[in-house]
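**Student:** Contents of final.txt (compact mmCIF, C-alpha atoms and all ligand atoms) are given next:
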```
# COMPACT_ATOMS: atom_id res chain seq x y z
CA MET A 1 78.83 132.30 114.73
CA THR A 2 75.79 132.29 116.99
CA SER A 3 73.09 132.50 114.36
CA SER A 4 73.44 131.22 110.85
CA THR A 5 72.71 133.52 107.93
CA ALA A 6 69.70 131.32 107.21
CA ASP A 7 68.20 132.05 110.65
CA ILE A 8 67.07 135.56 109.82
CA GLY A 9 65.08 136.00 106.64
CA ALA A 10 65.68 138.43 103.82
CA SER A 11 64.58 142.04 104.18
CA PRO A 12 62.98 143.82 101.22
CA LEU A 13 65.41 146.67 101.94
CA GLY A 14 68.45 144.43 101.61
CA THR A 15 71.45 143.29 103.61
CA VAL A 16 74.18 145.37 105.25
CA LEU A 17 77.45 143.99 106.61
CA VAL A 18 79.44 146.00 109.14
CA THR A 19 82.93 145.18 110.43
CA GLY A 20 83.90 146.15 113.97
CA ALA A 21 80.26 146.03 115.09
CA SER A 22 80.97 145.20 118.74
CA ARG A 23 80.94 148.83 119.96
CA GLY A 24 81.28 152.44 118.90
CA LEU A 25 80.21 153.63 115.48
CA GLY A 26 80.14 150.14 113.97
CA ARG A 27 77.71 148.88 116.59
CA ALA A 28 75.53 151.97 116.24
CA LEU A 29 75.52 151.78 112.44
CA ALA A 30 74.53 148.11 112.57
CA GLU A 31 71.75 148.86 115.06
CA ALA A 32 70.50 151.79 112.98
CA TYR A 33 70.18 149.57 109.90
CA ALA A 34 68.51 146.80 111.92
CA ALA A 35 66.06 149.31 113.42
CA GLY A 36 65.30 150.51 109.89
CA GLY A 37 64.30 147.00 108.83
CA TRP A 38 67.48 145.95 107.03
CA ARG A 39 68.99 142.51 107.43
CA VAL A 40 72.27 143.14 109.22
CA ILE A 41 75.39 141.00 109.38
CA ALA A 42 77.32 142.34 112.37
CA CYS A 43 80.96 141.22 112.26
CA VAL A 44 82.72 141.09 115.61
CA ARG A 45 85.93 139.64 116.95
CA GLN A 46 84.20 138.02 119.91
CA VAL A 47 80.70 136.80 119.20
CA PRO A 48 78.70 137.54 122.36
CA GLU A 49 76.71 134.84 124.14
CA GLY A 50 73.21 135.12 122.70
CA GLY A 51 74.27 137.18 119.68
CA LEU A 52 73.35 140.81 119.04
CA GLY A 53 69.58 141.17 119.14
CA SER A 54 67.95 140.75 115.75
CA MET A 55 71.27 141.00 113.92
CA LEU A 56 73.19 138.10 112.47
CA CYS A 57 76.54 137.84 114.15
CA GLU A 58 79.66 136.66 112.35
CA ALA A 59 83.13 136.21 113.84
CA LEU A 60 85.70 138.36 112.07
CA ASP A 61 89.16 139.46 113.12
CA VAL A 62 90.19 141.79 110.32
CA ALA A 63 93.84 141.54 111.37
CA ASP A 64 93.75 137.92 110.23
CA ALA A 65 93.52 137.35 106.47
CA ALA A 66 92.39 133.77 107.07
CA SER A 67 89.48 135.06 109.17
CA ILE A 68 88.42 137.37 106.31
CA GLU A 69 88.66 134.56 103.78
CA ALA A 70 86.68 132.23 106.07
CA LEU A 71 83.94 134.86 106.34
CA GLY A 72 83.80 135.05 102.54
CA ARG A 73 83.39 131.28 102.35
CA ARG A 74 80.65 131.23 105.02
CA LEU A 75 78.73 133.94 103.18
CA GLU A 76 79.11 132.37 99.74
CA GLY A 77 75.97 132.90 97.67
CA GLU A 78 74.57 135.64 99.98
CA ALA A 79 73.62 138.94 98.36
CA ILE A 80 75.03 141.83 100.42
CA ASP A 81 73.91 145.30 99.33
CA ILE A 82 76.15 147.41 101.55
CA VAL A 83 79.54 146.48 103.02
CA ILE A 84 80.87 148.90 105.65
CA ASN A 85 84.58 148.61 106.45
CA ASN A 86 84.51 150.24 109.88
CA ALA A 87 86.88 148.29 112.16
CA ALA A 88 90.01 150.23 113.01
CA ILE A 89 92.56 150.90 115.73
CA ARG A 90 94.41 154.08 116.67
CA GLY A 91 97.83 152.68 117.57
CA ASP A 92 100.58 154.69 119.22
CA VAL A 93 100.02 158.43 119.36
CA GLY A 94 103.32 159.40 120.93
CA GLY A 95 104.85 161.02 117.86
CA LEU A 96 107.89 160.26 115.79
CA SER A 97 110.11 159.49 118.78
CA SER A 98 107.91 156.59 119.87
CA LEU A 99 107.18 155.22 116.39
CA GLU A 100 107.56 151.46 116.60
CA THR A 101 107.60 149.08 113.64
CA ASN A 102 105.18 146.44 114.87
CA ASP A 103 102.64 148.99 116.09
CA PHE A 104 102.79 150.89 112.80
CA LEU A 105 102.39 147.72 110.74
CA GLU A 106 99.49 146.50 112.88
CA VAL A 107 97.64 149.80 112.35
CA MET A 108 98.27 149.58 108.62
CA ARG A 109 97.17 145.95 108.56
CA ILE A 110 93.86 146.63 110.30
CA ASN A 111 92.99 150.07 108.92
CA ALA A 112 94.29 149.89 105.34
CA LEU A 113 95.00 146.32 104.26
CA ALA A 114 91.97 144.64 105.86
CA PRO A 115 89.39 146.74 103.98
CA LEU A 116 91.02 145.64 100.71
CA LEU A 117 90.91 141.98 101.75
CA VAL A 118 87.27 142.37 102.83
CA ALA A 119 86.48 144.00 99.47
CA ARG A 120 88.08 141.10 97.64
CA ALA A 121 86.38 138.44 99.78
CA LEU A 122 82.90 140.01 99.57
CA LYS A 123 82.90 141.33 96.01
CA PRO A 124 80.84 138.32 94.82
CA ASN A 125 78.27 139.13 97.52
CA LEU A 126 78.03 142.75 96.37
CA LEU A 127 77.69 141.61 92.77
CA ALA A 128 74.79 139.38 93.79
CA ALA A 129 72.93 142.37 95.30
CA GLN A 130 70.95 145.31 93.96
CA ARG A 131 72.53 148.27 95.80
CA ARG A 132 76.26 147.47 95.58
CA VAL A 133 77.84 150.02 97.92
CA LEU A 134 81.24 149.57 99.57
CA VAL A 135 82.03 152.04 102.36
CA SER A 136 85.37 152.86 103.96
CA ILE A 137 84.91 154.53 107.34
CA SER A 138 87.96 156.71 107.02
CA SER A 139 88.98 159.92 108.76
CA ARG A 140 89.76 163.50 107.91
CA ALA A 141 92.94 162.75 109.89
CA GLY A 142 94.12 160.85 106.80
CA SER A 143 93.50 163.72 104.40
CA LEU A 144 96.77 165.07 102.97
CA ALA A 145 95.09 168.45 102.42
CA GLU A 146 93.12 168.85 105.67
CA GLY A 147 94.43 166.26 108.12
CA THR A 148 96.87 168.47 109.95
CA LEU A 149 95.01 171.79 109.73
CA ASP A 150 93.65 171.75 113.27
CA ASP A 151 95.57 168.89 114.84
CA ASP A 152 99.21 168.54 115.75
CA ASP A 153 98.91 165.27 117.65
CA GLY A 154 101.46 162.44 117.36
CA ASP A 155 99.44 159.75 115.66
CA TYR A 156 101.62 158.96 112.67
CA ALA A 157 100.43 155.39 112.20
CA TYR A 158 96.70 156.18 112.27
CA ARG A 159 97.00 159.11 109.89
CA CYS A 160 99.19 157.17 107.46
CA SER A 161 96.77 154.24 107.58
CA LYS A 162 93.74 156.41 106.80
CA ALA A 163 95.61 158.10 103.93
CA ALA A 164 96.35 154.61 102.60
CA LEU A 165 92.71 153.63 103.10
CA ASN A 166 91.65 156.65 101.07
CA MET A 167 93.83 155.51 98.19
CA ALA A 168 92.31 152.05 98.58
CA THR A 169 88.88 153.67 98.16
CA VAL A 170 89.92 155.52 95.01
CA LYS A 171 91.63 152.47 93.55
CA LEU A 172 88.68 150.20 94.32
CA ALA A 173 86.27 152.78 92.90
CA GLN A 174 88.17 152.64 89.63
CA ASP A 175 88.47 148.86 89.71
CA PHE A 176 84.80 148.19 90.61
CA ARG A 177 83.24 150.87 88.38
CA SER A 178 82.43 148.48 85.56
CA ASP A 179 80.79 146.14 88.09
CA GLY A 180 78.42 148.88 89.23
CA ILE A 181 79.83 148.86 92.78
CA ALA A 182 80.04 152.37 94.28
CA VAL A 183 83.02 152.80 96.63
CA ILE A 184 83.17 155.76 99.02
CA SER A 185 85.22 157.06 101.96
CA LEU A 186 83.33 158.69 104.83
CA HIS A 187 84.60 160.79 107.75
CA PRO A 188 82.34 160.32 110.80
CA GLY A 189 83.40 163.54 112.52
CA TRP A 190 85.03 163.58 115.94
CA VAL A 191 82.75 161.27 117.86
CA ARG A 192 82.42 160.28 121.52
CA THR A 193 83.45 156.61 121.32
CA ASP A 194 86.30 154.69 122.94
CA MET A 195 88.50 155.90 120.09
CA GLY A 196 87.20 159.47 119.91
CA GLY A 197 87.19 159.98 123.68
CA ALA A 198 84.82 161.80 126.01
CA GLN A 199 85.87 165.27 124.81
CA ALA A 200 84.80 164.64 121.21
CA GLN A 201 82.29 166.99 119.63
CA LEU A 202 79.66 164.59 118.36
CA ALA A 203 77.32 162.05 119.89
CA VAL A 204 77.39 158.67 118.19
CA ALA A 205 73.73 159.00 117.17
CA GLU A 206 74.34 162.28 115.31
CA SER A 207 77.31 160.90 113.40
CA VAL A 208 75.53 157.67 112.55
CA ALA A 209 72.40 159.46 111.32
CA GLY A 210 74.58 161.49 108.94
CA LEU A 211 76.65 158.52 107.79
CA LYS A 212 73.56 156.38 107.18
CA ALA A 213 71.84 159.11 105.19
CA LEU A 214 74.92 159.48 102.99
CA ILE A 215 75.29 155.73 102.47
CA ASP A 216 71.60 155.36 101.66
CA GLN A 217 71.82 158.11 99.01
CA THR A 218 74.97 156.73 97.40
CA THR A 219 74.81 155.98 93.68
CA MET A 220 77.49 155.38 91.07
CA ALA A 221 77.66 159.17 90.69
CA ASP A 222 79.31 159.24 94.14
CA THR A 223 81.90 156.54 93.56
CA GLY A 224 85.42 157.60 94.50
CA SER A 225 84.19 160.43 96.77
CA PHE A 226 85.24 161.42 100.31
CA ARG A 227 82.62 163.11 102.44
CA ALA A 228 82.05 163.91 106.09
CA TYR A 229 78.99 162.81 108.10
CA ASP A 230 77.40 166.22 107.44
CA GLY A 231 77.66 165.79 103.67
CA LYS A 232 80.59 168.17 103.16
CA THR A 233 83.27 167.01 100.74
CA VAL A 234 86.64 166.30 102.37
CA SER A 235 89.73 166.98 100.27
CA TRP A 236 91.91 163.94 99.74
P1 LIG A 301 86.11 152.21 118.58
O1 LIG A 301 87.50 152.12 119.07
O2 LIG A 301 85.05 152.69 119.51
O3 LIG A 301 85.64 150.79 117.97
C1 LIG A 301 86.50 150.13 117.10
C2 LIG A 301 85.83 148.90 116.57
O4 LIG A 301 86.75 148.25 115.68
C3 LIG A 301 85.47 147.91 117.66
O5 LIG A 301 84.26 147.28 117.33
C4 LIG A 301 86.62 146.92 117.59
O6 LIG A 301 86.31 145.62 118.03
C5 LIG A 301 86.86 146.90 116.09
N1 LIG A 301 88.14 146.32 115.79
C6 LIG A 301 89.37 146.74 116.12
N2 LIG A 301 90.30 145.87 115.69
C7 LIG A 301 89.63 144.86 115.08
C8 LIG A 301 90.02 143.66 114.46
N3 LIG A 301 91.30 143.28 114.39
N4 LIG A 301 89.07 142.87 113.91
C9 LIG A 301 87.76 143.21 114.00
N5 LIG A 301 87.32 144.32 114.61
C10 LIG A 301 88.26 145.13 115.15
O7 LIG A 301 86.17 153.15 117.30
P2 LIG A 301 85.06 154.11 116.64
O8 LIG A 301 83.75 153.47 116.72
O9 LIG A 301 85.27 155.46 117.16
O10 LIG A 301 85.59 154.14 115.14
C11 LIG A 301 84.89 153.52 114.07
C12 LIG A 301 85.52 153.98 112.77
O11 LIG A 301 85.43 155.42 112.69
C13 LIG A 301 87.00 153.67 112.66
O12 LIG A 301 87.31 153.34 111.31
C14 LIG A 301 87.68 154.97 113.03
O13 LIG A 301 88.97 155.11 112.49
C15 LIG A 301 86.70 155.97 112.42
N6 LIG A 301 86.79 157.30 112.99
C16 LIG A 301 86.40 157.53 114.28
C17 LIG A 301 86.46 158.83 114.78
C18 LIG A 301 86.01 159.16 116.16
O14 LIG A 301 86.11 160.35 116.54
N7 LIG A 301 85.51 158.23 116.95
C19 LIG A 301 86.97 159.96 113.97
C20 LIG A 301 87.34 159.59 112.62
C21 LIG A 301 87.24 158.31 112.17
P3 LIG A 301 86.71 145.06 119.52
O15 LIG A 301 85.57 145.47 120.42
O16 LIG A 301 86.81 143.60 119.32
O17 LIG A 301 88.00 145.69 119.90
```
When written as structure tokens, how does the structure in this file appear?
**Tutor:**
Amino acid sequence: MTSSTADIGASPLGTVLVTGASRGLGRALAEAYAAGGWRVIACVRQVPEGGLGSMLCEALDVADAASIEALGRRLEGEAIDIVINNAAIRGDVGGLSSLETNDFLEVMRINALAPLLVARALKPNLLAAQRRVLVSISSRAGSLAEGTLDDDDGDYAYRCSKAALNMATVKLAQDFRSDGIAVISLHPGWVRTDMGGAQAQLAVAESVAGLKALIDQTTMADTGSFRAYDGKTVSW
């Protein structure tokens, strides 16, 4: 940790925590919230020398349950309005013939299990806040109904992990309803990041603007929903 959570004062807008904030959509989401005046806790595996601008930087490897629990302990007593589970990996994309146990389990651990462990660790922080929104950055690739409509690639692990993440969203939405915590899955679109690749349709800024607008509008009426960056509902 380069800057303690006490170093940067409270924002009247509230606090947002983003996992996987080192690059890609997570970094851009964190920067968008910081630019909008929010207090941002940017969680990264490797805390950079000098931190990340005006954002608080916390070390978090979501593949490591102990790292998630340690983050929860460090943030004890902090109100966090919005938690964005964004960190993910793609894993092997070579199809059924190259499916490999350790790769599959690592993708499931990072993309599906970690968001549940983060939700458990940071639930007290959400309860201490006003907004109480928990976001899963998922993917249409994990939709049972739509995931294979226009894609016949070989990424079994990633698609299975995002389908599992979607169930985690629905289950958490049910579980956290009485606590007033809204839980949603969002599809960012196909975006030009390291994961999305250079051929992807969307610029990071366009996706992030859409995602942020959706998150900012989220109320308990939206809990348990799955929408794309452009506001369209995605079928589970
Ligand atoms: P990137 O590959 O560009 O970035 C992934 C981020 O996740 C990095 O910050 C990376 O950190 C972090 N991460 C990976 N493993 C861990 C870990 N064990 N602990 C902590 N952080 C980790 O991906 P995108 O920005 O494109 O994707 C962001 C989200 O959007 C993901 O959930 C992805 O599934 C989803 N998505 C993306 C799409 C796209 O087209 N780009 C399409 C649909 C969904 P580090 O730098 O340390 O590796």
**Student:** If we count all atoms listed in the file, what is near Gly36 (chain A) at a cut-off of 12 Å, once residues fewer than 2 positions away on the same chain are taken out, given as a list in words?
**Tutor:**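 Within the cut-off, the hits are Ser11, Pro12, Leu13, Gly14, Thr15, Val16, Leu29, Ala30, Glu31, Ala32, Tyr33, Ala34, Trp38, Arg39, Val40, Ser54, Met55, Ala209, Lys212, Ala213 and Asp216 of chain A.
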**Student:** Within 8 Å of ligand LIG 301 (chain A) (counting only C-alpha atoms and all ligand atoms), which residues show up? I'd like them as a VMD selection string.
**Tutor:** chain A and resid 19 to 27 43 to 46 60 to 64 85 to 90 110 to 111 136 to 141 158 162 187 to 197 200 202
**Student:** Quick one: residues within 9 Å of Leu96 (chain A), all atoms listed in the file counted, chain neighbours fewer than 3 positions away excluded, as an MDAnalysis selection string?
**Tutor:** chainID A and resid 93 99:100 154:156
**Student:** List as a PyMOL selection string the protein and nucleic acid residues near Ala173 (chain A), meaning an atom at most 6 Å away when all atoms listed in the file are counted, but skip any in the same chain fewer than 2 places from it.
**Tutor:** chain A and resi 169-171+175-177+183+223-224
**Student:** Fewer than 6 positions away in the same chain doesn't count, so skip those; otherwise give me all residues within 8 Å of Phe104 (chain A), counting all atoms listed in the file, as a list of chain:residue names.
**Tutor:** A:Gly91, A:Asp92, A:Ala157
**Student:** Quick one: everything within 10 Å of Leu122 (chain A), counting only C-alpha atoms, minus sequence neighbours fewer than 6 positions away in the same chain. Send it as a list in words.
**Tutor:**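 Neighbouring residues, sequence-local ones excluded: Leu17, Ile68, Glu69, Leu71, Gly72, Arg73, Leu75, Glu76, Glu78, Ala79, Ile80, Val83, Leu116, Ala128 and Leu134 of chain A.
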**Student:** How big is the axis-aligned box, and where does its centre sit, when it encloses all atoms of region 117-123 of chain A listed in the file and has 6 Å added on every side, reported in Å to one decimal as JSON?
**Tutor:**
```
{"center_x": 86.9, "center_y": 141.2, "center_z": 99.4, "size_x": 20.0, "size_y": 17.6, "size_z": 18.8}
```
**Student:** One decimal, Å: what's the distance from CA of Lys123 (chain A) over to CA of Ala182 (chain A), could you say?
**Tutor:** 11.5 Å
**Student:** Please measure the separation of CA of Val18 (chain A) and CA of Leu126 (chain A), giving the value in Å to one decimal.
**Tutor:**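 Value for the CA of Val18 (chain A)-CA of Leu126 (chain A) distance: 13.3 Å.
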**Student:** Which of these, A:Ser185, A:Gln199, A:Gln174, A:Gln130, has the shortest distance to Ile82 (chain A) once you count all atoms listed in the file?
**Tutor:**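 Nearest to Ile82 (chain A): A:Gln130.
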**Student:** Find, counting only C-alpha atoms, the residue in A:Ala205, A:Gly180, A:Pro115, A:Asp150 that gets nearest to Ala221 (chain A).
**Tutor:**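 Residue with the minimum atom-to-atom distance to Ala221 (chain A): A:Gly180.
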**Student:** So how many Å separate CA of Gly94 (chain A) and CA of Cys160 (chain A), to one decimal?
**Tutor:**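 For CA of Gly94 (chain A) relative to CA of Cys160 (chain A), the distance reads 14.3 Å.
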**Student:** May I ask which of the residues A:Ala66, A:Ala164, A:Leu127, A:Leu211 is the closest one to Leu144 (chain A), counting only C-alpha atoms?
**Tutor:**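 Nearest candidate to Leu144 (chain A) out of A:Ala66, A:Ala164, A:Leu127, A:Leu211: A:Ala164.
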**Student:** Please, can region 204-233 of chain A be completed to N, CA and C atoms and returned as a JSON list (two decimals), in the frame of the given file?
**Tutor:**
```json
[["chain", "number", "residue", "atom", "x", "y", "z"],
["A", 204, "VAL", "N", 77.40, 159.76, 119.17],
["A", 204, "VAL", "CA", 77.39, 158.67, 118.19],
["A", 204, "VAL", "C", 76.15, 158.74, 117.31],
["A", 205, "ALA", "N", 74.99, 159.01, 117.92],
["A", 205, "ALA", "CA", 73.73, 159.00, 117.17],
["A", 205, "ALA", "C", 73.74, 160.05, 116.05],
["A", 206, "GLU", "N", 74.32, 161.22, 116.33],
["A", 206, "GLU", "CA", 74.34, 162.28, 115.31],
["A", 206, "GLU", "C", 75.23, 161.88, 114.14],
["A", 207, "SER", "N", 76.41, 161.34, 114.46],
["A", 207, "SER", "CA", 77.31, 160.90, 113.40],
["A", 207, "SER", "C", 76.68, 159.80, 112.56],
["A", 208, "VAL", "N", 76.10, 158.83, 113.25],
["A", 208, "VAL", "CA", 75.53, 157.67, 112.55],
["A", 208, "VAL", "C", 74.35, 158.08, 111.67],
["A", 209, "ALA", "N", 73.54, 158.99, 112.14],
["A", 209, "ALA", "CA", 72.40, 159.46, 111.32],
["A", 209, "ALA", "C", 72.93, 160.07, 110.02],
["A", 210, "GLY", "N", 74.00, 160.87, 110.14],
["A", 210, "GLY", "CA", 74.58, 161.49, 108.94],
["A", 210, "GLY", "C", 75.22, 160.47, 108.02],
["A", 211, "LEU", "N", 75.98, 159.55, 108.60],
["A", 211, "LEU", "CA", 76.65, 158.52, 107.79],
["A", 211, "LEU", "C", 75.62, 157.66, 107.06],
["A", 212, "LYS", "N", 74.57, 157.27, 107.78],
["A", 212, "LYS", "CA", 73.56, 156.38, 107.18],
["A", 212, "LYS", "C", 72.83, 157.09, 106.05],
["A", 213, "ALA", "N", 72.53, 158.36, 106.26],
["A", 213, "ALA", "CA", 71.84, 159.11, 105.19],
["A", 213, "ALA", "C", 72.72, 159.17, 103.94],
["A", 214, "LEU", "N", 74.02, 159.41, 104.14],
["A", 214, "LEU", "CA", 74.92, 159.48, 102.99],
["A", 214, "LEU", "C", 75.03, 158.13, 102.28],
["A", 215, "ILE", "N", 75.16, 157.08, 103.07],
["A", 215, "ILE", "CA", 75.29, 155.73, 102.47],
["A", 215, "ILE", "C", 74.02, 155.40, 101.69],
["A", 216, "ASP", "N", 72.88, 155.72, 102.29],
["A", 216, "ASP", "CA", 71.60, 155.36, 101.66],
["A", 216, "ASP", "C", 71.37, 156.13, 100.36],
["A", 217, "GLN", "N", 71.99, 157.32, 100.24],
["A", 217, "GLN", "CA", 71.82, 158.11, 99.01],
["A", 217, "GLN", "C", 72.86, 157.77, 97.95],
["A", 218, "THR", "N", 73.83, 156.95, 98.30],
["A", 218, "THR", "CA", 74.97, 156.73, 97.40],
["A", 218, "THR", "C", 74.54, 156.03, 96.10],
["A", 219, "THR", "N", 75.00, 156.61, 94.99],
["A", 219, "THR", "CA", 74.81, 155.98, 93.68],
["A", 219, "THR", "C", 76.18, 155.94, 93.00],
["A", 220, "MET", "N", 76.22, 155.43, 91.80],
["A", 220, "MET", "CA", 77.49, 155.38, 91.07],
["A", 220, "MET", "C", 78.04, 156.79, 90.80],
["A", 221, "ALA", "N", 77.18, 157.79, 90.87],
["A", 221, "ALA", "CA", 77.66, 159.17, 90.69],
["A", 221, "ALA", "C", 78.59, 159.58, 91.83],
["A", 222, "ASP", "N", 78.50, 158.89, 92.97],
["A", 222, "ASP", "CA", 79.31, 159.24, 94.14],
["A", 222, "ASP", "C", 80.59, 158.42, 94.24],
["A", 223, "THR", "N", 80.76, 157.44, 93.36],
["A", 223, "THR", "CA", 81.90, 156.54, 93.56],
["A", 223, "THR", "C", 83.22, 157.31, 93.50],
["A", 224, "GLY", "N", 84.13, 156.92, 94.41],
["A", 224, "GLY", "CA", 85.42, 157.60, 94.50],
["A", 224, "GLY", "C", 85.37, 158.91, 95.26],
["A", 225, "SER", "N", 84.30, 159.15, 96.03],
["A", 225, "SER", "CA", 84.19, 160.43, 96.77],
["A", 225, "SER", "C", 84.56, 160.25, 98.24],
["A", 226, "PHE", "N", 84.85, 161.38, 98.89],
["A", 226, "PHE", "CA", 85.24, 161.42, 100.31],
["A", 226, "PHE", "C", 84.42, 162.52, 100.96],
["A", 227, "ARG", "N", 83.47, 162.12, 101.80],
["A", 227, "ARG", "CA", 82.62, 163.11, 102.44],
["A", 227, "ARG", "C", 82.54, 162.90, 103.94],
["A", 228, "ALA", "N", 82.23, 163.98, 104.65],
["A", 228, "ALA", "CA", 82.05, 163.91, 106.09],
["A", 228, "ALA", "C", 80.59, 163.58, 106.40],
["A", 229, "TYR", "N", 80.33, 163.22, 107.65],
["A", 229, "TYR", "CA", 78.99, 162.81, 108.10],
["A", 229, "TYR", "C", 77.93, 163.87, 107.78],
["A", 230, "ASP", "N", 78.36, 165.14, 107.70],
["A", 230, "ASP", "CA", 77.40, 166.22, 107.44],
["A", 230, "ASP", "C", 77.24, 166.51, 105.95],
["A", 231, "GLY", "N", 77.83, 165.66, 105.12],
["A", 231, "GLY", "CA", 77.66, 165.79, 103.67],
["A", 231, "GLY", "C", 78.72, 166.62, 102.98],
["A", 232, "LYS", "N", 79.56, 167.33, 103.79],
["A", 232, "LYS", "CA", 80.59, 168.17, 103.16],
["A", 232, "LYS", "C", 81.69, 167.30, 102.55],
["A", 233, "THR", "N", 82.15, 167.73, 101.38],
["A", 233, "THR", "CA", 83.27, 167.01, 100.74],
["A", 233, "THR", "C", 84.55, 167.25, 101.53]]
```
